[in-house]
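Enquirer: Sharing protein_29.cif below, mmCIF, C-alpha atoms:
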data_final
loop_
_atom_site.label_atom_id
_atom_site.label_comp_id
_atom_site.auth_asym_id
_atom_site.auth_seq_id
_atom_site.Cartn_x
_atom_site.Cartn_y
_atom_site.Cartn_z
CA MET H 1 132.40 183.86 34.67
CA LEU H 2 128.61 184.24 34.56
CA ARG H 3 126.32 186.03 36.96
CA TYR H 4 122.83 184.97 37.96
CA ALA H 5 121.77 188.57 38.30
CA ALA H 6 118.34 188.00 39.88
CA GLY H 7 119.93 185.96 42.67
CA LYS H 8 118.64 183.35 45.08
CA ARG H 9 115.56 185.41 45.90
CA ASP H 10 114.42 184.85 42.33
CA TRP H 11 115.24 181.14 42.59
CA THR H 12 113.29 180.48 45.77
CA ALA H 13 110.40 182.68 44.67
CA ALA H 14 110.05 180.43 41.64
CA GLY H 15 109.48 177.51 43.99
CA LEU H 16 112.72 175.79 43.06
CA PRO H 17 114.45 173.57 45.62
CA PHE H 18 117.23 174.98 47.77
CA GLU H 19 119.52 173.86 50.57
CA GLY H 20 120.40 175.22 54.00
CA ALA H 21 118.73 175.71 57.38
CA GLN H 22 115.73 177.49 55.87
CA ALA H 23 115.06 174.56 53.56
CA ARG H 24 113.61 172.66 56.51
CA ILE H 25 110.83 175.20 57.00
CA PRO H 26 107.67 174.05 55.21
CA ARG H 27 106.69 176.39 52.38
CA VAL H 28 103.51 177.21 50.57
CA LEU H 29 104.56 175.32 47.46
CA ALA H 30 104.32 172.04 49.38
CA VAL H 31 100.54 172.40 49.68
CA THR H 32 99.82 174.27 46.46
CA ARG H 33 97.15 172.71 44.28
CA CYS H 34 98.69 172.82 40.86
CA ASP H 35 95.75 171.44 38.90
CA VAL H 36 93.62 174.59 39.12
CA PRO H 37 91.78 175.12 35.80
CA THR H 38 92.91 177.84 33.43
CA CYS H 39 91.51 179.57 30.40
CA ARG H 40 92.47 182.28 27.91
CA LEU H 41 91.08 185.68 27.13
CA GLY H 42 88.32 185.45 24.59
CA GLU H 43 87.12 182.03 25.62
CA PRO H 44 83.38 181.88 26.12
CA ILE H 45 82.30 181.47 29.72
CA GLY H 46 80.11 178.45 28.89
CA ALA H 47 83.08 176.35 27.80
CA VAL H 48 85.16 177.57 30.73
CA ARG H 49 82.36 176.72 33.14
CA ASP H 50 81.95 173.20 31.79
CA ARG H 51 85.67 172.54 31.86
CA THR H 52 86.05 173.93 35.37
CA ARG H 53 83.17 172.00 36.85
CA SER H 54 84.10 168.72 35.19
CA ALA H 55 87.53 169.12 36.79
CA GLY H 56 85.86 169.47 40.18
CA TRP H 57 86.65 173.14 40.69
CA ASP H 58 84.53 176.23 41.17
CA THR H 59 87.10 178.79 40.02
CA CYS H 60 89.32 179.27 37.00
CA PHE H 61 92.27 181.51 36.18
CA VAL H 62 92.72 183.51 33.02
CA ILE H 63 96.31 183.22 31.86
CA THR H 64 98.50 184.15 28.92
CA GLU H 65 100.39 181.69 26.77
CA GLN H 66 103.28 182.06 29.22
CA ARG H 67 100.91 181.29 32.14
CA VAL H 68 101.00 184.84 33.45
CA VAL H 69 97.86 185.42 35.51
CA LEU H 70 95.52 188.03 34.11
CA GLY H 71 92.44 187.42 36.20
CA ARG H 72 90.23 185.07 38.09
CA VAL H 73 86.78 183.75 37.16
CA ARG H 74 84.61 182.92 40.14
CA THR H 75 81.62 180.65 40.25
CA GLU H 76 79.20 183.59 40.15
CA ALA H 77 80.43 184.40 36.63
CA PHE H 78 79.32 180.99 35.37
CA ALA H 79 75.69 182.17 35.47
CA ALA H 80 76.36 184.56 32.57
CA ALA H 81 75.27 183.81 29.03
CA PRO H 82 77.48 180.97 27.72
CA ASP H 83 79.02 182.95 24.86
CA THR H 84 80.12 185.83 27.07
CA PRO H 85 83.92 186.25 26.81
CA VAL H 86 85.69 185.58 30.09
CA GLU H 87 87.54 188.88 30.09
CA THR H 88 84.26 190.72 30.68
CA LEU H 89 83.55 188.54 33.71
CA MET H 90 86.94 188.00 35.29
CA GLU H 91 88.35 189.78 38.29
CA PRO H 92 91.53 191.30 36.87
CA GLY H 93 94.86 191.25 38.64
CA PRO H 94 94.19 189.09 41.70
CA SER H 95 96.57 189.35 44.64
CA THR H 96 99.26 186.72 44.40
CA PHE H 97 101.81 185.17 46.70
CA ARG H 98 105.15 183.46 46.22
CA PRO H 99 105.75 179.73 46.68
CA ASP H 100 108.58 180.22 49.18
CA VAL H 101 106.45 181.87 51.86
CA PRO H 102 106.54 179.76 55.05
CA LEU H 103 103.29 177.91 55.73
CA SER H 104 102.83 179.48 59.15
CA GLN H 105 103.33 183.00 57.83
CA MET H 106 100.85 182.40 55.02
CA LEU H 107 98.26 180.94 57.39
CA ASP H 108 98.60 183.91 59.74
CA TYR H 109 98.11 186.31 56.86
CA MET H 110 95.10 184.48 55.43
CA THR H 111 93.47 184.21 58.84
CA GLU H 112 94.06 187.88 59.63
CA HIS H 113 92.61 188.99 56.30
CA GLY H 114 89.78 186.47 56.14
CA ILE H 115 91.17 184.88 52.97
CA ARG H 116 90.05 181.35 52.22
CA ARG H 117 92.14 180.69 49.13
CA ALA H 118 95.16 182.40 47.60
CA VAL H 119 96.86 182.40 44.22
CA ILE H 120 100.48 181.32 44.03
CA THR H 121 102.70 182.63 41.24
CA ASP H 122 106.40 182.93 40.61
CA GLN H 123 108.27 186.25 40.48
CA ASP H 124 107.19 186.73 36.88
CA GLY H 125 103.51 186.32 37.66
CA ARG H 126 103.25 182.85 36.18
CA LEU H 127 100.60 180.68 37.77
CA LEU H 128 101.81 177.86 39.99
CA GLY H 129 98.50 177.04 41.64
CA LEU H 130 96.06 177.78 44.41
CA ILE H 131 96.29 177.23 48.14
CA ALA H 132 93.44 176.79 50.57
CA ARG H 133 93.57 177.67 54.24
CA GLU H 134 92.66 174.14 55.25
CA ASP H 135 95.62 172.81 53.27
CA LEU H 136 97.93 175.12 55.19
CA GLU H 137 96.47 173.93 58.48
CA ARG H 138 96.89 170.28 57.48
CA GLY H 139 100.42 170.92 56.26
CA LEU H 140 101.43 172.57 59.52
CA ALA H 141 99.80 169.83 61.55
CA ALA H 142 101.69 167.20 59.58
CA THR H 143 104.94 169.08 60.09
CA HIS H 144 104.31 169.33 63.81
CA ARG H 145 103.57 165.60 64.00
CA SER H 146 106.76 164.67 62.19
CA GLU H 147 108.84 167.01 64.35
CA THR H 148 107.41 165.70 67.61
CA GLY H 149 107.22 162.10 66.49
CA ALA H 150 103.53 162.06 67.29
CA GLY H 151 101.37 159.50 65.50
CA MET U 1 132.77 191.87 33.66
CA PRO U 2 130.60 188.75 34.07
CA ARG U 3 127.76 188.12 31.67
CA ASP U 4 124.30 188.14 33.24
CA ILE U 5 122.09 185.10 32.85
CA ASP U 6 118.58 184.29 33.99
CA ARG U 7 117.06 181.49 36.00
CA GLU U 8 116.40 179.16 33.07
CA GLN U 9 119.92 179.61 31.79
CA VAL U 10 121.23 178.78 35.27
CA ARG U 11 119.24 175.55 35.28
CA GLU U 12 120.48 174.58 31.83
CA LEU U 13 124.09 175.32 32.62
CA VAL U 14 124.02 173.56 35.97
CA ALA U 15 122.56 170.51 34.24
CA GLN U 16 125.57 170.70 31.93
CA GLY U 17 127.96 170.81 34.88
CA ALA U 18 128.40 174.49 35.70
CA GLN U 19 129.49 175.36 39.24
CA LEU U 20 127.38 177.71 41.32
CA VAL U 21 129.09 180.08 43.75
CA GLU U 22 127.24 182.16 46.32
CA VAL U 23 129.10 185.33 47.21
CA MET U 24 126.97 186.28 50.23
CA PRO U 25 128.44 186.10 53.76
CA ALA U 26 128.80 182.53 55.00
CA GLU U 27 126.01 182.88 57.60
CA GLU U 28 123.55 183.75 54.85
CA TYR U 29 124.78 180.88 52.72
CA GLU U 30 124.09 178.54 55.66
CA GLN U 31 120.48 179.71 55.80
CA GLU U 32 119.70 179.04 52.17
CA HIS U 33 121.61 178.50 48.97
CA LEU U 34 121.09 176.98 45.57
CA PRO U 35 121.64 173.22 45.43
CA GLY U 36 125.29 172.36 45.05
CA ALA U 37 126.48 175.95 45.39
CA LEU U 38 129.83 176.71 46.99
CA SER U 39 130.17 179.49 49.54
CA ILE U 40 132.84 182.02 48.61
CA PRO U 41 132.04 185.41 50.16
CA LEU U 42 132.72 188.25 47.79
CA GLU U 43 135.74 189.60 49.63
CA SER U 44 137.52 186.27 49.26
CA LEU U 45 136.62 185.71 45.61
CA THR U 46 140.02 186.51 44.19
CA PRO U 47 140.93 186.32 40.49
CA ALA U 48 143.22 183.39 41.27
CA LYS U 49 140.40 181.50 42.95
CA VAL U 50 138.07 182.20 40.04
CA GLN U 51 140.69 180.96 37.63
CA ARG U 52 141.14 177.73 39.56
CA LEU U 53 137.41 177.07 39.80
CA ALA U 54 136.66 178.00 36.21
CA ARG U 55 139.44 175.84 34.79
CA ASP U 56 137.20 172.83 34.11
CA ARG U 57 133.67 174.13 34.26
CA SER U 58 131.57 177.25 33.80
CA LEU U 59 131.28 179.38 36.90
CA ILE U 60 128.02 181.07 37.90
CA VAL U 61 128.10 183.56 40.77
CA TYR U 62 125.04 184.90 42.51
CA CYS U 63 123.97 186.84 45.58
CA TYR U 64 120.58 187.60 47.09
CA ASP U 65 118.94 189.69 44.37
CA GLN U 66 119.59 192.41 41.81
CA GLN U 67 120.75 195.03 44.31
#
Once you've parsed the file, please lay out its structure as structure tokens.
Expert:
Amino acid sequence: MLRYAAGKRDWTAAGLPFEGAQARIPRVLAVTRCDVPTCRLGEPIGAVRDRTRSAGWDTCFVITEQRVVLGRVRTEAFAAAPDTPVETLMEPGPSTFRPDVPLSQMLDYMTEHGIRRAVITDQDGRLLGLIAREDLERGLAATHRSETGAG
Amino acid sequence: MPRDIDREQVRELVAQGAQLVEVMPAEEYEQEHLPGALSIPLESLTPAKVQRLARDRSLIVYCYDQQ
């Protein structure tokens, strides 16, 4: 007999599918934008800027080889000299949230704290993506429509 | 004493046919459980039951978290 020691909390926090009554509640993972640009420590900001902008984003995350989030590079950092390493410009250790948080709970939190976008990671700190408040609002509206049968 | 495995090992073993068993109370199982998991609350997980379940496939038990 084997034991999954970390349990179902670990499973759901990794954004993996599950069954049961709670599975019907819409979660953050459903509206997470997974294509957020990433870069590595030591990369020059010029290359990171070009890659981020050509992908249509204004922010980039610094990650390890295992996709663990180390920091965030905001658009203001792109004005630095192009050969400046990202680690001197990044905001280290951004606040992160888990993919199994209910949409409504996440929206309440972001609204209360004036947060426009939030980083989603699994229990091990590995980047899953970024959520925007407007995506949460759209996701909840869509859920409400499907529950009420409204067009 | 069961051997501890992590999330990736669970996924691999389930893909190979392992059976998941949640040992939380049934009401908690009803709220959320891993796909395909059986509900066998801890107090009813007898050695005989384990033997029967584990006869043909690997058995993976889990609860809520590490505590």
Enquirer: Please provide as a list in words all residues within 12 Å of Asp10 of chain H, with the sequence filter that same-chain residues fewer than 6 positions apart are discarded (counting only C-alpha atoms).
Expert: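 The residues that qualify are Tyr4, Leu16, Pro17, Phe18, Arg98, Pro99, Asp100, Thr121, Asp122, Gln123, Asp124 and Gly125 of chain H; Asp6, Arg7, Glu8, Val10, His33, Leu34, Tyr62, Cys63, Tyr64, Asp65 and Gln66 of chain U.
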Enquirer: Within 10 Å of chain H, which residues belong to chain U? Use all atoms listed in the file and report them as a PyMOL selection string.
Expert: chain U and resi 1-10+18+20-22+28-37+50-51+53-54+57-67
Enquirer: Which polymer residues have any atom within 9 Å of an atom of Glu134 of chain H, counting all atoms listed in the file, with same-chain residues fewer than 3 positions away left out, as an NGL selection string?
Expert: :H and (116-117 or 131 or 137-139)
Enquirer: Convert the output of the PyMOL selection byres ((chain H and resi 42-58) around 12) on the shown file into explicit residues, formatted as a ChimeraX atom specification.
Expert: /H:33,35-41,59-64,72-90,117,130
Enquirer: For the atom pair atom CA of Ala30 of chain H and atom CA of Asp135 of chain H, what is the interatomic distance in Å to one decimal place?
Expert: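 Spanning atom CA of Ala30 of chain H to atom CA of Asp135 of chain H is a straight-line distance of 9.6 Å.
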Enquirer: How far is it from atom CA of Thr32 of chain H to atom CA of Pro92 of chain H, in Å with one decimal?
Expert: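 So the answer is 21.2 Å.
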Enquirer: Measure the distance from atom CA of Glu91 of chain H to atom CA of Gly114 of chain H in Å and round it to one decimal.
Expert: 18.2 Å
Enquirer: Find, counting only C-alpha atoms, the residue in H:Leu136, H:Leu127, H:Arg67, H:Ile120 that gets nearest to Phe97 of chain H.
Expert: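 Using only C-alpha atoms, the shortest distance to Phe97 of chain H belongs to H:Ile120.
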Enquirer: Translate the PyMOL selection byres ((chain H and resi 28) around 6) into a concrete residue list for this structure, as a list in words.
Expert: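 Going through the file, the PyMOL selection byres ((chain H and resi 28) around 6) ends up selecting Arg27, Leu29, Ala30, Val31, Pro99, Val101, Pro102 and Leu103 of chain H.
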